[in-house]
Amino acid sequence: MPATTRDERLATIKEIVCDILEIEEDEVTETSLFKEDHDADSLRAIEILAALEKEFGVVIDQAELPRMTNLQGVYAVVSESAGW
Amino acid sequence: MTATRLDAGAKAPDAEAGHRVVLTGLGVVSSIGLGADRFLEGLRAGRSGARPISVFDTEGFAHAQGCEVTEFEPERWIERLEPARLGRAAQFSAAAARMALADAGLDLDVLRDRRGMISIGTTDGESYDLDQLVEREVADGAGAFDGEAARRVPAARLSVVIAQELGLPDVEAVTVPTACAAGNYAIGYGFDAVRSGEAEFAFCGGADAMCRKTFTGFYRLGTIAPERCQPFDVDRKGILTGEGAGVLILERLESALERGATIYAEVLGYGLNCDAYHPVAPNQASVAECMRLAHENAGVKPEQVDLVSAHGTGTQANDVTETGAIREVFGETPPRTVSMKSMLGHSMGAASALGAIGCALALQNDFIPPTINHVTTDPECQVDCVPNEAVPAELRVVQNNGLAFGGNNAVVLLGRYDAAAEAAGAAPAWEA
């Protein structure tokens, strides 16, 4: 069942991010930073990108990685690729 | 220790310095040619091994160029073993060992009475078979596994098959799994065994077969070039995955002279370290340190090195870091620094073995292989990479770099060997 509203999509993104960063969902907010606040590194970032591409059937340019620093940034990048 | 070795010169080995070690046989399975002769031709001509990948399904990838070995018929080289019972990498390994043996003109009956060493480096072992097994498992369940393919998988077989194929009973057979620098590790291990007297000969090198797993991993990291590999170029876009095997025969200088063998080069020494700094990012200080360790082990000063065969993958990170380290060690005017990966792609565990073979051929044939696909040198990679065309050069000392994920670095130094001059009492040609 594909997510359709912003909240639903954000929940899916959050789940993916938390799974990859191995953190609890209540630890992350829309603006908490993956690297500074949640110990992410460049390889985790690529893992997140790959999982998002698979989940939403989109292609995300790796040049967008610098914008994908928190959930808000990720949502913005994915929504551009997906045309939400 | 270093001084003792230098002082030993061309004389008989003393207990501390150990035996002088020379290269007398080369076996090559590469995307630019099979056998040392074809490989030499390819290096001279600046041939590219790049072509569309055919060994696995590339649907879904935006681009999928690679440097595959073509026209390889294992039964042409492998005599004792049944090729179907070997994985693709083991076929490469056994075939390259056969080629090296023939090239060296060694008599197997003599070798069988001597203690030897077989060390083969690899990144992926038989991951090509693993790819097929997993595909089968996903489609039809684990019960559908091909038992024969499963038996081919253990990476230890890459070295063991050489002992089996050649029927060598008294050898230590080791597979060194230090990834993209493994060929140099394997040469270093064989060098120590022959230098110390522990072994009288060594078959060393590396082998890997193209596989979907590794291609996908690098693709996902954003490090696969869409069309061609352009080391040190400002527009470089990454690696091309490749495959192949390189096997070098190392023996004592005395035994090579006794049997009148062709001596390609002398193995002067090697250095290796592991910094574990980052899973994939290379560390400049540690790469520089590895070169210094190699120089010390070989008794060579930086200014004696005439050519660096770089790891030179063509990624942003590698080329900047490696040339930075080279400048740290060699100063503002480093020796010419080429990347054979521009032609061969990244053949993983075989890469530094093929690089070392290229160095030996360069020393013996007085030329420097080019860095092909080169347009504009990156100002951040300030080296003379001998763009696009081979150049003539009389080389004395050549350095072969191998750098792997996890900060596994290994550097091998080869020197020119001039039999006639040494017989007339001259110092080793590489010291001149």
# chains A, B, ... in the order shown; residues from 1 in each chain; ligands from 1
>>> interface_residues(of="chain A", to="chain B", cutoff="9 Å", atoms="only C-alpha atoms", output="short mmCIF file (atom, residue, chain, number, x, y, z; two decimals) with N, CA and C atoms, in the first residue's frame")
data_model
loop_
_atom_site.label_atom_id
_atom_site.label_comp_id
_atom_site.auth_asym_id
_atom_site.auth_seq_id
_atom_site.Cartn_x
_atom_site.Cartn_y
_atom_site.Cartn_z
N LEU A 43 28.74 6.38 4.15
CA LEU A 43 28.23 5.09 3.66
C LEU A 43 26.77 4.90 4.06
N ILE A 46 24.58 6.87 1.76
CA ILE A 46 24.33 6.19 0.48
C ILE A 46 23.32 5.07 0.66
N GLU A 47 23.41 4.40 1.79
CA GLU A 47 22.44 3.34 2.08
C GLU A 47 21.02 3.91 2.16
N ALA A 50 19.86 4.73 -1.34
CA ALA A 50 19.50 3.52 -2.09
C ALA A 50 18.14 2.98 -1.65
N GLN A 62 23.40 11.50 -6.69
CA GLN A 62 24.22 11.57 -5.46
C GLN A 62 24.65 12.98 -5.12
#
>>> residues_around(residues="A:Thr31", least_positions_apart="2", cutoff="7 Å", atoms="only C-alpha atoms", output="ChimeraX atom specification")
/A:29,33,70-72
>>> residues_around(residues="A:Val58", least_positions_apart="3", cutoff="12 Å", atoms="only C-alpha atoms", output="PDB file with C-alpha atoms, in the first residue's frame")
ATOM      1  CA  LEU A  49      19.608   7.048  -0.662  1.00  0.00           C
ATOM      2  CA  ALA A  50      19.503   3.517  -2.091  1.00  0.00           C
ATOM      3  CA  ALA A  51      16.644   2.462   0.173  1.00  0.00           C
ATOM      4  CA  LEU A  52      14.625   5.548  -0.756  1.00  0.00           C
ATOM      5  CA  GLU A  53      15.131   4.891  -4.461  1.00  0.00           C
ATOM      6  CA  LYS A  54      13.884   1.352  -3.997  1.00  0.00           C
ATOM      7  CA  GLU A  55      10.904   2.286  -1.802  1.00  0.00           C
ATOM      8  CA  ASP A  61      21.397  12.020  -7.953  1.00  0.00           C
ATOM      9  CA  VAL A  77      14.867  15.810  -2.334  1.00  0.00           C
ATOM     10  CA  VAL A  78      12.647  12.735  -2.687  1.00  0.00           C
ATOM     11  CA  SER A  79       9.576  14.827  -3.460  1.00  0.00           C
ATOM     12  CA  GLU A  80      11.433  16.562  -6.301  1.00  0.00           C
ATOM     13  CA  SER A  81      12.496  13.229  -7.788  1.00  0.00           C
ATOM     14  CA  ALA A  82       9.046  11.712  -7.317  1.00  0.00           C
ATOM     15  CA  GLY A  83       7.129  14.788  -8.461  1.00  0.00           C
ATOM     16  CA  TRP A  84       4.950  14.844  -5.313  1.00  0.00           C
TER      17      TRP A  84
END
>>> residues_around(residues="stretch 346-348 of chain B", least_positions_apart="4", cutoff="7 Å", atoms="only C-alpha atoms", output="CSV table (one decimal) with N, CA and C atoms, in the first residue's frame")
chain,number,residue,atom,x,y,z
B,122,THR,N,43.3,-11.9,-3.5
B,122,THR,CA,42.0,-11.8,-4.1
B,122,THR,C,41.1,-10.8,-3.3
B,123,THR,N,40.1,-10.3,-4.0
B,123,THR,CA,39.1,-9.4,-3.4
B,123,THR,C,37.8,-10.2,-3.2
B,179,ALA,N,41.9,-7.8,-0.6
B,179,ALA,CA,41.2,-7.0,-1.6
B,179,ALA,C,42.1,-6.4,-2.6
B,180,CYS,N,41.9,-5.1,-2.9
B,180,CYS,CA,42.5,-4.4,-4.0
B,180,CYS,C,44.0,-4.3,-4.0
B,208,ASP,N,40.9,-12.5,-9.8
B,208,ASP,CA,39.5,-12.2,-9.5
B,208,ASP,C,38.7,-12.3,-10.8
B,239,ILE,N,35.9,4.2,-11.5
B,239,ILE,CA,36.6,3.0,-11.9
B,239,ILE,C,35.7,2.3,-13.0
B,240,LEU,N,36.4,1.3,-13.7
B,240,LEU,CA,35.6,0.3,-14.4
B,240,LEU,C,36.0,-1.0,-13.7
B,241,THR,N,35.1,-1.8,-13.4
B,241,THR,CA,35.5,-3.1,-12.8
B,241,THR,C,36.1,-4.0,-13.9
B,242,GLY,N,37.0,-4.8,-13.4
B,242,GLY,CA,37.7,-5.7,-14.4
B,242,GLY,C,37.9,-7.1,-13.8
B,243,GLU,N,38.7,-7.9,-14.5
B,243,GLU,CA,39.0,-9.2,-14.0
B,243,GLU,C,40.3,-9.7,-14.6
B,244,GLY,N,40.7,-10.8,-14.0
B,244,GLY,CA,41.9,-11.5,-14.6
B,244,GLY,C,42.8,-12.1,-13.5
B,313,THR,N,43.1,4.4,-9.4
B,313,THR,CA,41.8,3.8,-9.8
B,313,THR,C,41.0,4.7,-10.7
B,341,LYS,N,45.4,0.8,-14.7
B,341,LYS,CA,44.0,0.6,-14.6
B,341,LYS,C,43.2,1.4,-15.7
>>> atom_distance(atom1="atom CA of B:Ala17", atom2="atom CA of B:Val411")
19.9 Å
>>> decode(residues="stretch 147-182 of chain B", atoms="N, CA and C atoms", output="compact mmCIF listing (two decimals), in the first residue's frame")
# COMPACT_ATOMS: atom_id res chain seq x y z
N GLY B 147 25.28 -27.97 -6.42
CA GLY B 147 26.30 -28.44 -5.48
C GLY B 147 27.71 -28.21 -5.98
N GLU B 148 27.91 -28.40 -7.25
CA GLU B 148 29.23 -28.21 -7.85
C GLU B 148 29.68 -26.76 -7.69
N ALA B 149 28.77 -25.82 -7.94
CA ALA B 149 29.11 -24.40 -7.80
C ALA B 149 29.44 -24.08 -6.35
N ALA B 150 28.67 -24.65 -5.43
CA ALA B 150 28.93 -24.39 -4.01
C ALA B 150 30.31 -24.89 -3.61
N ARG B 151 30.72 -26.02 -4.17
CA ARG B 151 32.05 -26.57 -3.85
C ARG B 151 33.17 -25.70 -4.42
N ARG B 152 32.87 -24.93 -5.45
CA ARG B 152 33.92 -24.10 -6.07
C ARG B 152 34.21 -22.83 -5.27
N VAL B 153 33.29 -22.46 -4.37
CA VAL B 153 33.32 -21.12 -3.78
C VAL B 153 34.50 -20.77 -2.87
N PRO B 154 34.97 -21.66 -1.98
CA PRO B 154 35.98 -21.20 -1.01
C PRO B 154 37.20 -20.53 -1.65
N ALA B 155 37.53 -19.34 -1.19
CA ALA B 155 38.60 -18.54 -1.79
C ALA B 155 39.96 -19.22 -1.67
N ALA B 156 40.11 -20.08 -0.67
CA ALA B 156 41.40 -20.77 -0.49
C ALA B 156 41.78 -21.54 -1.74
N ARG B 157 40.78 -21.90 -2.54
CA ARG B 157 41.05 -22.70 -3.74
C ARG B 157 41.86 -21.94 -4.80
N LEU B 158 41.86 -20.62 -4.74
CA LEU B 158 42.60 -19.87 -5.76
C LEU B 158 44.10 -20.19 -5.72
N SER B 159 44.63 -20.48 -4.55
CA SER B 159 46.03 -20.88 -4.47
C SER B 159 46.18 -22.40 -4.53
N VAL B 160 45.26 -23.12 -3.89
CA VAL B 160 45.36 -24.58 -3.86
C VAL B 160 45.30 -25.18 -5.27
N VAL B 161 44.46 -24.59 -6.14
CA VAL B 161 44.36 -25.17 -7.49
C VAL B 161 45.69 -25.12 -8.25
N ILE B 162 46.54 -24.16 -7.91
CA ILE B 162 47.85 -24.11 -8.58
C ILE B 162 48.68 -25.31 -8.16
N ALA B 163 48.67 -25.60 -6.86
CA ALA B 163 49.40 -26.78 -6.37
C ALA B 163 48.85 -28.05 -7.00
N GLN B 164 47.52 -28.12 -7.11
CA GLN B 164 46.89 -29.32 -7.69
C GLN B 164 47.18 -29.42 -9.18
N GLU B 165 47.04 -28.32 -9.88
CA GLU B 165 47.24 -28.32 -11.33
C GLU B 165 48.69 -28.69 -11.68
N LEU B 166 49.63 -28.17 -10.88
CA LEU B 166 51.03 -28.43 -11.19
C LEU B 166 51.56 -29.66 -10.46
N GLY B 167 50.75 -30.23 -9.58
CA GLY B 167 51.18 -31.42 -8.85
C GLY B 167 52.37 -31.14 -7.95
N LEU B 168 52.29 -30.04 -7.21
CA LEU B 168 53.39 -29.66 -6.32
C LEU B 168 53.04 -30.07 -4.89
N PRO B 169 53.73 -31.08 -4.34
CA PRO B 169 53.34 -31.59 -3.03
C PRO B 169 53.92 -30.81 -1.85
N ASP B 170 55.05 -30.14 -2.04
CA ASP B 170 55.73 -29.56 -0.88
C ASP B 170 55.68 -28.04 -0.93
N VAL B 171 54.45 -27.52 -0.94
CA VAL B 171 54.29 -26.06 -0.99
C VAL B 171 53.32 -25.61 0.10
N GLU B 172 53.52 -24.38 0.55
CA GLU B 172 52.49 -23.74 1.37
C GLU B 172 51.62 -22.97 0.37
N ALA B 173 50.32 -23.23 0.39
CA ALA B 173 49.42 -22.53 -0.53
C ALA B 173 48.53 -21.60 0.29
N VAL B 174 48.67 -20.30 0.03
CA VAL B 174 47.93 -19.30 0.80
C VAL B 174 47.13 -18.40 -0.12
N THR B 175 45.89 -18.13 0.21
CA THR B 175 45.14 -17.10 -0.48
C THR B 175 45.06 -15.90 0.44
N VAL B 176 45.49 -14.75 -0.07
CA VAL B 176 45.57 -13.54 0.76
C VAL B 176 44.38 -12.65 0.41
N PRO B 177 43.45 -12.47 1.35
CA PRO B 177 42.22 -11.76 0.98
C PRO B 177 42.22 -10.27 1.30
N THR B 178 43.32 -9.59 0.97
CA THR B 178 43.38 -8.16 1.29
C THR B 178 42.97 -7.31 0.10
N ALA B 179 41.92 -7.76 -0.56
CA ALA B 179 41.20 -6.97 -1.55
C ALA B 179 42.10 -6.36 -2.63
N CYS B 180 41.93 -5.07 -2.86
CA CYS B 180 42.51 -4.43 -4.03
C CYS B 180 44.02 -4.28 -3.95
N ALA B 181 44.63 -4.56 -2.80
CA ALA B 181 46.09 -4.52 -2.70
C ALA B 181 46.65 -5.93 -2.56
N ALA B 182 45.79 -6.95 -2.68
CA ALA B 182 46.17 -8.32 -2.31
C ALA B 182 47.30 -8.89 -3.17
